[in-house]
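Structure file entry11.txt; described as compact mmCIF, C-alpha atoms and all ligand atoms.
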# COMPACT_ATOMS: atom_id res chain seq x y z
CA MET A 1 -118.21 -12.85 -48.91
CA SER A 2 -121.14 -15.25 -49.17
CA THR A 3 -120.92 -18.95 -48.26
CA THR A 4 -121.34 -20.01 -51.89
CA MET A 5 -118.54 -17.69 -52.99
CA PHE A 6 -116.29 -19.16 -50.33
CA ALA A 7 -117.22 -22.69 -51.31
CA SER A 8 -116.52 -22.00 -54.93
CA SER A 9 -113.19 -20.29 -54.29
CA ALA A 10 -112.15 -23.14 -51.99
CA PHE A 11 -113.05 -25.44 -54.85
CA ARG A 12 -110.92 -23.46 -57.25
CA ARG A 13 -107.95 -23.56 -54.89
CA GLY A 14 -108.02 -27.32 -55.27
CA MET A 15 -109.58 -28.42 -51.95
CA GLY A 16 -112.08 -30.52 -53.85
CA LYS A 17 -109.52 -32.08 -56.17
CA ASN A 18 -110.31 -35.74 -55.62
CA PHE A 19 -113.97 -34.97 -55.62
CA VAL A 20 -113.49 -33.14 -58.90
CA ARG A 21 -111.75 -36.14 -60.41
CA ALA A 22 -114.48 -38.52 -59.32
CA ARG A 23 -117.17 -36.22 -60.62
CA ARG A 24 -115.44 -35.81 -63.91
CA TRP A 25 -115.29 -39.56 -64.39
CA MET A 26 -118.83 -40.30 -63.29
CA SER A 27 -120.78 -37.40 -64.68
CA VAL A 28 -119.04 -37.08 -68.01
CA ARG A 29 -118.53 -40.73 -68.84
CA PRO A 30 -121.04 -42.87 -66.98
CA GLU A 31 -120.39 -45.68 -69.48
CA ALA A 32 -116.69 -45.74 -68.62
CA LYS A 33 -117.37 -47.92 -65.58
CA GLU A 34 -118.46 -50.79 -67.81
CA GLU A 35 -115.36 -50.63 -69.97
CA ASN A 36 -112.51 -52.84 -68.99
CA SER A 37 -109.59 -51.12 -70.67
CA ALA A 38 -107.17 -49.06 -68.58
CA ARG A 39 -107.65 -46.00 -70.77
CA PRO A 40 -111.02 -45.95 -72.48
CA HIS A 41 -111.49 -43.75 -75.51
CA ARG A 42 -112.60 -40.30 -74.53
CA LYS A 43 -115.70 -38.81 -76.05
CA LYS A 44 -115.50 -35.93 -78.51
CA VAL A 45 -115.32 -32.61 -76.62
CA THR A 46 -118.24 -30.39 -77.65
CA ILE A 47 -119.31 -26.87 -76.69
CA GLN A 48 -122.01 -28.46 -74.54
CA HIS A 49 -119.33 -30.45 -72.72
CA LEU A 50 -117.29 -27.26 -72.14
CA HIS A 51 -120.35 -25.57 -70.62
CA HIS A 52 -120.91 -28.66 -68.49
CA LEU A 53 -117.33 -28.42 -67.17
CA ARG A 54 -117.89 -24.75 -66.32
CA ASN A 55 -121.19 -25.43 -64.59
CA GLU A 56 -119.63 -28.24 -62.51
CA ASN A 57 -116.55 -26.13 -61.69
CA LEU A 58 -114.30 -28.62 -63.48
CA PRO A 59 -111.19 -26.86 -64.86
CA ILE A 60 -110.78 -26.66 -68.63
CA ALA A 61 -107.28 -27.45 -69.96
CA MET A 62 -106.45 -25.68 -73.22
CA LEU A 63 -103.07 -25.84 -74.98
CA THR A 64 -101.74 -24.54 -78.27
CA ALA A 65 -100.56 -26.88 -81.02
CA TYR A 66 -98.95 -26.03 -84.34
CA ASP A 67 -98.40 -29.30 -86.21
CA PHE A 68 -99.34 -32.98 -86.34
CA PRO A 69 -97.20 -34.22 -83.42
CA SER A 70 -98.26 -31.45 -81.02
CA GLY A 71 -101.89 -31.99 -82.08
CA ARG A 72 -101.51 -35.69 -81.40
CA ALA A 73 -100.10 -34.99 -77.94
CA CYS A 74 -103.17 -32.85 -77.12
CA GLU A 75 -105.33 -35.75 -78.23
CA ALA A 76 -103.33 -38.40 -76.36
CA HIS A 77 -103.13 -36.53 -73.05
CA GLU A 78 -106.74 -35.40 -72.93
CA ILE A 79 -106.49 -31.67 -73.53
CA ASP A 80 -110.03 -30.23 -73.65
CA ILE A 81 -109.41 -27.48 -76.22
CA THR A 82 -106.58 -27.46 -78.77
CA LEU A 83 -105.78 -23.94 -79.98
CA VAL A 84 -103.91 -23.26 -83.18
CA GLY A 85 -102.73 -19.91 -81.83
CA ASP A 86 -101.32 -17.17 -84.01
CA SER A 87 -98.34 -17.39 -81.62
CA LEU A 88 -97.44 -19.89 -84.35
CA ALA A 89 -95.95 -16.86 -86.12
CA GLN A 90 -93.30 -16.44 -83.44
CA VAL A 91 -92.67 -19.86 -81.94
CA CYS A 92 -92.83 -21.90 -85.18
CA LEU A 93 -92.22 -19.57 -88.09
CA GLY A 94 -89.68 -17.19 -86.57
CA TYR A 95 -91.55 -13.95 -87.27
CA ASP A 96 -91.08 -11.16 -84.75
CA SER A 97 -94.82 -10.71 -84.22
CA THR A 98 -98.18 -12.48 -84.64
CA MET A 99 -99.19 -9.56 -86.89
CA ARG A 100 -97.16 -11.13 -89.72
CA LEU A 101 -99.20 -14.32 -89.89
CA THR A 102 -101.41 -14.80 -92.98
CA MET A 103 -104.61 -16.80 -93.43
CA ASP A 104 -102.83 -19.28 -95.71
CA GLU A 105 -100.11 -19.93 -93.14
CA MET A 106 -102.71 -20.42 -90.40
CA ILE A 107 -104.73 -22.85 -92.55
CA HIS A 108 -101.64 -24.86 -93.49
CA HIS A 109 -100.79 -25.45 -89.81
CA CYS A 110 -104.40 -25.88 -88.73
CA ARG A 111 -104.83 -28.77 -91.20
CA ALA A 112 -101.83 -30.54 -89.69
CA VAL A 113 -103.08 -30.04 -86.12
CA ALA A 114 -106.57 -31.24 -87.11
CA ARG A 115 -105.12 -34.50 -88.45
CA GLY A 116 -103.56 -35.17 -85.02
CA SER A 117 -106.09 -33.66 -82.61
CA LYS A 118 -109.51 -35.27 -83.08
CA THR A 119 -111.11 -35.47 -79.64
CA PRO A 120 -110.32 -32.03 -78.17
CA PHE A 121 -112.40 -29.08 -79.38
CA LEU A 122 -110.29 -27.42 -82.10
CA VAL A 123 -110.06 -23.62 -82.25
CA ALA A 124 -107.98 -21.50 -84.66
CA ASP A 125 -106.95 -17.89 -84.07
CA MET A 126 -108.20 -15.49 -86.72
CA PRO A 127 -105.00 -13.81 -87.96
CA PHE A 128 -104.50 -10.05 -87.76
CA GLY A 129 -106.28 -8.47 -90.72
CA SER A 130 -108.62 -11.40 -91.38
CA PHE A 131 -111.65 -9.98 -89.57
CA HIS A 132 -111.18 -6.20 -89.78
CA THR A 133 -111.93 -5.26 -93.40
CA SER A 134 -115.62 -6.17 -93.36
CA THR A 135 -118.06 -8.56 -91.74
CA ASP A 136 -118.25 -10.47 -95.03
CA ASP A 137 -114.48 -10.91 -95.09
CA ALA A 138 -114.56 -12.07 -91.47
CA ILE A 139 -117.24 -14.65 -92.28
CA ARG A 140 -115.39 -15.83 -95.39
CA ASN A 141 -112.12 -16.19 -93.48
CA ALA A 142 -113.73 -17.94 -90.50
CA ILE A 143 -115.40 -20.39 -92.88
CA ARG A 144 -112.05 -21.01 -94.57
CA LEU A 145 -110.55 -21.91 -91.18
CA MET A 146 -113.37 -24.41 -90.67
CA GLN A 147 -113.67 -25.85 -94.19
CA GLU A 148 -110.01 -25.86 -95.20
CA GLY A 149 -108.33 -25.88 -91.79
CA GLY A 150 -110.68 -28.28 -90.01
CA ALA A 151 -111.25 -25.88 -87.09
CA GLU A 152 -114.47 -26.20 -85.11
CA GLY A 153 -114.41 -22.61 -83.93
CA VAL A 154 -112.38 -19.42 -84.25
CA LYS A 155 -110.85 -17.05 -81.72
CA ILE A 156 -110.99 -13.29 -82.22
CA GLU A 157 -108.89 -10.78 -80.29
CA GLY A 158 -110.66 -7.63 -79.20
CA GLY A 159 -113.25 -5.91 -77.03
CA MET A 160 -116.23 -3.72 -77.96
CA GLU A 161 -114.89 -3.20 -81.48
CA VAL A 162 -115.38 -6.88 -82.38
CA VAL A 163 -118.80 -7.40 -80.75
CA ASP A 164 -120.68 -7.01 -84.06
CA VAL A 165 -118.47 -9.43 -85.94
CA VAL A 166 -118.68 -11.98 -83.10
CA HIS A 167 -122.47 -11.73 -83.27
CA ARG A 168 -122.58 -12.10 -87.06
CA LEU A 169 -120.28 -15.14 -87.00
CA THR A 170 -122.36 -16.75 -84.27
CA VAL A 171 -125.56 -16.18 -86.28
CA VAL A 172 -123.96 -17.84 -89.30
CA GLY A 173 -122.99 -20.86 -87.18
CA VAL A 174 -119.33 -20.18 -86.53
CA PRO A 175 -118.54 -20.77 -82.83
CA VAL A 176 -116.46 -17.82 -81.59
CA MET A 177 -114.08 -17.73 -78.67
CA ALA A 178 -113.52 -14.14 -77.55
CA HIS A 179 -110.13 -12.86 -76.34
CA VAL A 180 -109.85 -9.80 -74.07
CA GLY A 181 -107.19 -8.18 -71.87
CA LEU A 182 -103.73 -8.17 -73.45
CA LEU A 183 -104.16 -8.20 -77.23
CA PRO A 184 -100.88 -9.29 -78.88
CA GLN A 185 -102.23 -8.22 -82.30
CA ARG A 186 -102.16 -4.64 -80.98
CA HIS A 187 -98.65 -4.74 -79.49
CA ILE A 188 -97.34 -2.05 -81.85
CA GLN A 189 -100.21 0.31 -81.09
CA SER A 190 -99.89 -0.32 -77.34
CA SER A 191 -96.07 -0.12 -77.40
CA GLY A 192 -95.50 -3.64 -76.08
CA TYR A 193 -97.04 -6.50 -74.13
CA ARG A 194 -98.44 -5.10 -70.90
CA VAL A 195 -100.76 -6.36 -68.19
CA GLN A 196 -104.21 -4.87 -68.87
CA GLY A 197 -106.89 -3.68 -66.44
CA LYS A 198 -104.62 -2.62 -63.60
CA ASP A 199 -106.60 0.53 -62.86
CA ALA A 200 -110.30 0.69 -62.07
CA ARG A 201 -111.24 2.41 -65.32
CA SER A 202 -109.52 -0.05 -67.63
CA ALA A 203 -110.73 -2.98 -65.51
CA MET A 204 -114.29 -1.69 -65.98
CA HIS A 205 -113.68 -1.39 -69.71
CA ILE A 206 -112.52 -5.04 -69.94
CA LEU A 207 -115.51 -6.20 -67.86
CA GLU A 208 -117.93 -4.33 -70.13
CA SER A 209 -116.30 -5.85 -73.20
CA ALA A 210 -116.54 -9.33 -71.68
CA LEU A 211 -120.24 -8.88 -70.89
CA ALA A 212 -120.95 -7.56 -74.39
CA LEU A 213 -119.03 -10.43 -76.02
CA GLU A 214 -121.06 -12.92 -74.00
CA GLN A 215 -124.26 -11.24 -75.23
CA ALA A 216 -122.89 -11.37 -78.78
CA GLY A 217 -122.71 -15.16 -78.46
CA ALA A 218 -119.10 -16.06 -77.67
CA PHE A 219 -119.00 -19.71 -76.51
CA ALA A 220 -115.88 -19.13 -74.38
CA MET A 221 -113.47 -16.30 -73.63
CA VAL A 222 -109.73 -15.98 -73.20
CA LEU A 223 -108.61 -13.48 -70.54
CA GLU A 224 -104.97 -12.61 -71.14
CA ALA A 225 -102.64 -10.87 -68.69
CA VAL A 226 -105.14 -9.25 -66.33
CA PRO A 227 -104.89 -8.99 -62.52
CA GLN A 228 -106.13 -12.17 -60.83
CA ASP A 229 -108.95 -10.43 -58.93
CA LEU A 230 -110.31 -9.13 -62.24
CA GLY A 231 -109.95 -12.58 -63.83
CA ARG A 232 -112.01 -14.12 -61.05
CA TYR A 233 -114.56 -11.29 -61.04
CA ILE A 234 -115.24 -11.53 -64.80
CA THR A 235 -115.54 -15.31 -64.44
CA GLN A 236 -118.18 -14.82 -61.75
CA ARG A 237 -120.07 -12.10 -63.62
CA LEU A 238 -120.44 -13.97 -66.91
CA ARG A 239 -123.73 -15.88 -66.99
CA TYR A 240 -122.73 -18.89 -69.09
CA THR A 241 -119.44 -18.24 -70.85
CA PRO A 242 -116.44 -20.23 -69.60
CA THR A 243 -113.29 -18.13 -69.17
CA ILE A 244 -109.85 -19.45 -70.11
CA GLY A 245 -107.02 -17.55 -68.49
CA ILE A 246 -103.43 -16.93 -69.52
CA GLY A 247 -101.83 -14.75 -66.90
CA ALA A 248 -105.28 -14.13 -65.38
CA GLY A 249 -104.79 -16.05 -62.13
CA PRO A 250 -106.38 -19.21 -60.74
CA GLY A 251 -109.95 -17.88 -60.68
CA THR A 252 -110.84 -18.56 -64.32
CA ASP A 253 -112.71 -21.64 -65.59
CA GLY A 254 -109.70 -22.88 -67.52
CA GLN A 255 -106.08 -22.19 -68.37
CA VAL A 256 -104.17 -21.94 -71.62
CA LEU A 257 -100.44 -21.85 -72.30
CA VAL A 258 -98.30 -21.76 -75.41
CA TRP A 259 -96.82 -25.20 -76.21
CA ASP A 260 -93.24 -23.94 -76.52
CA ASP A 261 -93.42 -21.83 -73.35
CA MET A 262 -94.73 -24.75 -71.33
CA LEU A 263 -92.19 -27.24 -72.66
CA GLY A 264 -89.22 -24.90 -72.61
CA THR A 265 -88.50 -24.87 -76.35
CA TRP A 266 -89.11 -21.13 -76.75
CA ASN A 267 -86.03 -19.10 -75.96
CA GLY A 268 -87.60 -15.68 -76.42
CA HIS A 269 -88.93 -13.62 -73.53
CA LYS A 270 -90.55 -15.60 -70.70
CA ALA A 271 -93.64 -13.81 -69.39
CA LYS A 272 -94.39 -13.98 -65.67
CA PHE A 273 -97.42 -16.20 -66.27
CA VAL A 274 -95.39 -18.98 -67.94
CA ARG A 275 -94.63 -22.14 -65.99
CA ARG A 276 -92.17 -24.66 -67.44
CA PHE A 277 -93.71 -28.12 -67.21
CA GLY A 278 -90.88 -29.72 -69.15
CA ASP A 279 -87.37 -29.02 -70.40
CA VAL A 280 -87.59 -30.20 -73.99
CA ARG A 281 -84.84 -27.82 -75.09
CA ALA A 282 -82.33 -29.66 -72.89
CA GLU A 283 -83.43 -32.96 -74.47
CA ILE A 284 -83.12 -31.53 -77.98
CA GLU A 285 -79.64 -30.26 -77.16
CA ARG A 286 -78.64 -33.66 -75.78
CA GLY A 287 -79.99 -35.42 -78.86
CA VAL A 288 -78.61 -33.13 -81.55
CA THR A 289 -75.14 -32.77 -80.01
CA GLY A 290 -75.02 -36.53 -79.46
CA TYR A 291 -75.91 -37.17 -83.10
CA VAL A 292 -73.33 -34.70 -84.44
CA GLN A 293 -70.67 -36.21 -82.19
CA ALA A 294 -71.55 -39.79 -83.23
CA VAL A 295 -71.40 -38.92 -86.94
CA ARG A 296 -68.07 -37.12 -86.55
CA SER A 297 -66.56 -39.97 -84.50
CA ARG A 298 -67.97 -42.58 -86.95
CA THR A 299 -69.69 -44.44 -84.12
CA PHE A 300 -72.99 -43.97 -85.97
CA PRO A 301 -74.22 -46.01 -87.73
CA ALA A 302 -73.05 -49.31 -86.24
CA ARG A 303 -72.31 -52.14 -88.72
CA ASP A 304 -74.40 -54.72 -86.86
CA LYS A 305 -77.47 -52.93 -85.54
CA GLU A 306 -77.90 -49.94 -87.81
CA SER A 307 -76.79 -51.16 -91.27
CA TYR A 308 -78.11 -53.62 -93.89
CA ASP A 309 -76.30 -56.66 -95.34
CA MET A 310 -76.63 -58.58 -98.58
CA PRO A 311 -75.96 -62.34 -98.94
CA SER A 312 -72.18 -62.78 -99.31
CA GLU A 313 -72.52 -64.78 -102.59
CA GLU A 314 -74.48 -61.84 -104.06
CA TRP A 315 -71.73 -59.46 -102.96
CA GLN A 316 -69.17 -61.76 -104.63
CA LYS A 317 -71.19 -61.74 -107.84
CA PHE A 318 -71.52 -57.99 -107.69
CA THR A 319 -67.78 -57.42 -107.26
CA SER A 320 -67.02 -59.68 -110.22
CA MET A 321 -69.60 -57.80 -112.33
CA VAL A 322 -68.08 -54.37 -111.61
CA GLN A 323 -64.45 -55.47 -112.11
CA PRO A 324 -62.16 -54.22 -113.39
CA GLY A 325 -63.20 -50.99 -111.61
CA PRO A 326 -61.84 -47.47 -111.78
CA ARG A 327 -59.38 -46.26 -109.18
CA MET A 328 -61.27 -46.01 -105.93
CA ARG A 329 -60.78 -43.71 -102.95
CA GLU A 330 -60.19 -45.00 -99.45
CA VAL A 331 -63.18 -44.76 -97.10
CA SER A 332 -63.83 -45.89 -93.57
CA SER A 333 -65.30 -49.35 -93.16
CA GLY A 334 -66.75 -48.48 -89.75
N1 LIG A 401 -94.10 -17.77 -76.81
C1 LIG A 401 -95.19 -17.00 -76.74
N2 LIG A 401 -95.98 -17.03 -75.64
C2 LIG A 401 -97.08 -16.25 -75.55
O1 LIG A 401 -97.79 -16.33 -74.52
C3 LIG A 401 -97.41 -15.42 -76.65
C4 LIG A 401 -96.55 -15.43 -77.77
N3 LIG A 401 -95.46 -16.21 -77.79
N4 LIG A 401 -96.78 -14.63 -78.84
C5 LIG A 401 -98.04 -13.96 -78.94
C6 LIG A 401 -98.45 -13.48 -77.63
C7 LIG A 401 -97.56 -12.44 -77.01
N5 LIG A 401 -97.77 -12.68 -75.60
C8 LIG A 401 -97.10 -12.06 -74.57
C9 LIG A 401 -95.82 -11.60 -74.75
C10 LIG A 401 -95.14 -10.98 -73.71
C11 LIG A 401 -95.74 -10.80 -72.49
C12 LIG A 401 -94.98 -10.10 -71.41
O2 LIG A 401 -93.81 -9.96 -71.51
N6 LIG A 401 -95.61 -9.64 -70.33
C13 LIG A 401 -94.93 -8.97 -69.26
C14 LIG A 401 -95.89 -8.02 -68.57
C15 LIG A 401 -95.19 -6.79 -68.14
C16 LIG A 401 -96.12 -5.82 -67.41
O3 LIG A 401 -97.09 -5.31 -68.02
O4 LIG A 401 -95.88 -5.56 -66.24
C17 LIG A 401 -94.39 -9.98 -68.24
O5 LIG A 401 -93.26 -9.80 -67.80
O6 LIG A 401 -95.10 -10.94 -67.89
C18 LIG A 401 -97.03 -11.27 -72.29
C19 LIG A 401 -97.70 -11.90 -73.34
C20 LIG A 401 -98.65 -13.80 -75.41
N7 LIG A 401 -98.50 -14.54 -76.62
C1 LIG A 402 -101.83 -17.52 -75.94
C2 LIG A 402 -103.06 -17.89 -76.68
C3 LIG A 402 -104.31 -17.51 -75.97
C4 LIG A 402 -103.04 -17.33 -78.08
O1 LIG A 402 -103.83 -16.53 -78.47
C5 LIG A 402 -101.98 -17.78 -78.99
O2 LIG A 402 -101.25 -18.74 -78.67
O3 LIG A 402 -101.86 -17.20 -80.07
MG MG A 403 -103.29 -15.63 -80.32
Just give me the structure of the file as structure tokens.
Ligand SMILES: Nc1nc(=O)c2c([nH]1)NC[C@@H]1CN(c3ccc(C(=O)N[C@@H](CCC(=O)O)C(=O)O)cc3)CN21
Ligand SMILES: CC(C)C(=O)C(=O)O
Ligand SMILES: [Mg+2]
Amino acid sequence: MSTTMFASSAFRRGMGKNFVRARRWMSVRPEAKEENSARPHRKKVTIQHLHHLRNENLPIAMLTAYDFPSGRACEAHEIDITLVGDSLAQVCLGYDSTMRLTMDEMIHHCRAVARGSKTPFLVADMPFGSFHTSTDDAIRNAIRLMQEGGAEGVKIEGGMEVVDVVHRLTVVGVPVMAHVGLLPQRHIQSSGYRVQGKDARSAMHILESALALEQAGAFAMVLEAVPQDLGRYITQRLRYTPTIGIGAGPGTDGQVLVWDDMLGTWNGHKAKFVRRFGDVRAEIERGVTGYVQAVRSRTFPARDKESYDMPSEEWQKFTSMVQPGPRMREVSSG
């Protein structure tokens, strides 16, 4: 292993963490030093900025979002790339597979995310079926995601078979993020969600796809569920394309996780690559059970803090206006 390779892998293992932080501050936002506020506004994340992060070995943080509040959280906490993933089908809409998701559903959610997530680069997954029928259809659908959905780029699942469409979209001016390795939109054909590239032949096939997708113009590439050595190797072999891993180990240029996996609100299968960074489900349970219990015990709402009053003379007037009233039922007065 060469000295530079060692230096770069040491870097990736986090040995240069403080250095990385300082560099990020100084090289990306030189003007931030002059600002006095504790949290200055971050600049818009562009493709150029993403390439800069890659070239400086600064990790890229990508996260999915599906609605206005999750989009706003990506904005507020300085996510670099917000992805409106087609995992939306499962974690938000309750479908059994991403293959059910339509263009209209994707656009509807993308618009909401776009209203909340302004600074991160915004990417939308192209749904299953939206880029397969013809290149023209793929272009039309990608443009819909940008014009109607507010996306700044699209992500397309696939290897060699999508190289032409990635090239055509790039030529038209649609930034394309490639996605290789495990392809959830093929889970029926591949009989499930399995780690890809575990043998030399399939690893070579994924590498060749990645190289071809870079040549076709992909501005970034997701590597999903591949062995970590392969994730690192593809990252090193690509000339300019940043890699974003999900279950591809620590050697990629960035990481992506599904919002609900990361926050613990998804109660479906937990893949090995998922880390829980929060337990939002426990909080939701606490809140909803507490609310139900408070309503049933009539401790919510409280008369003083959570209810409105009218001037007592107005109440007097009102009661005289409605009298004589019909027979009235007894209700709790709190
Ligand atoms: N909630 C959620 N998270 C995701 O990451 C995700 C979705 N949904 N839906 C769309 C796809 C489906 N994905 C999946 C789903 C399952 C595994 C999984 O179970 N993997 C096995 C690998 C088993 C093996 O090949 O050895 C695992 O146990 O990690 C991986 C990715 C990723 N995407
Ligand atoms: C997991 C990421 C990469 C994705 O494609 C999705 O959320 O749909
Ligand atoms: Mg997806």
Between atom CA of Asp260 of chain A and atom CA of Asp279 of chain A, what is the spacing in Å?
->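 These atoms are spaced 9.9 Å apart.
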Pick out the residues sitting within 12 Å of Thr64 of chain A, and hand them over as number ranges by chain; count all atoms listed in the file, and ignore anything fewer than 4 positions along from it in its own chain.
-> A: 68-75, 79-88, 91-92, 109-110, 113, 117, 120-125, 246, 255-263
Please provide as an MDAnalysis selection string all residues within 12 Å of segment 158-171 of chain A, with the sequence filter that same-chain residues fewer than 6 positions apart are discarded (counting only C-alpha atoms).
-> chainID A and resid 125:126 128 130:143 177:186 202 204:224
May I ask for the distance between atom CA of Gly129 of chain A and atom CA of Ala114 of chain A, given in Å to one decimal place?
->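 Separation between atom CA of Gly129 of chain A and atom CA of Ala114 of chain A: 23.1 Å.
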Taking all atoms listed in the file into account, which of A:Val295, A:Pro59, A:Glu285, A:Lys118 comes nearest Thr46 of chain A?
-> A:Lys118
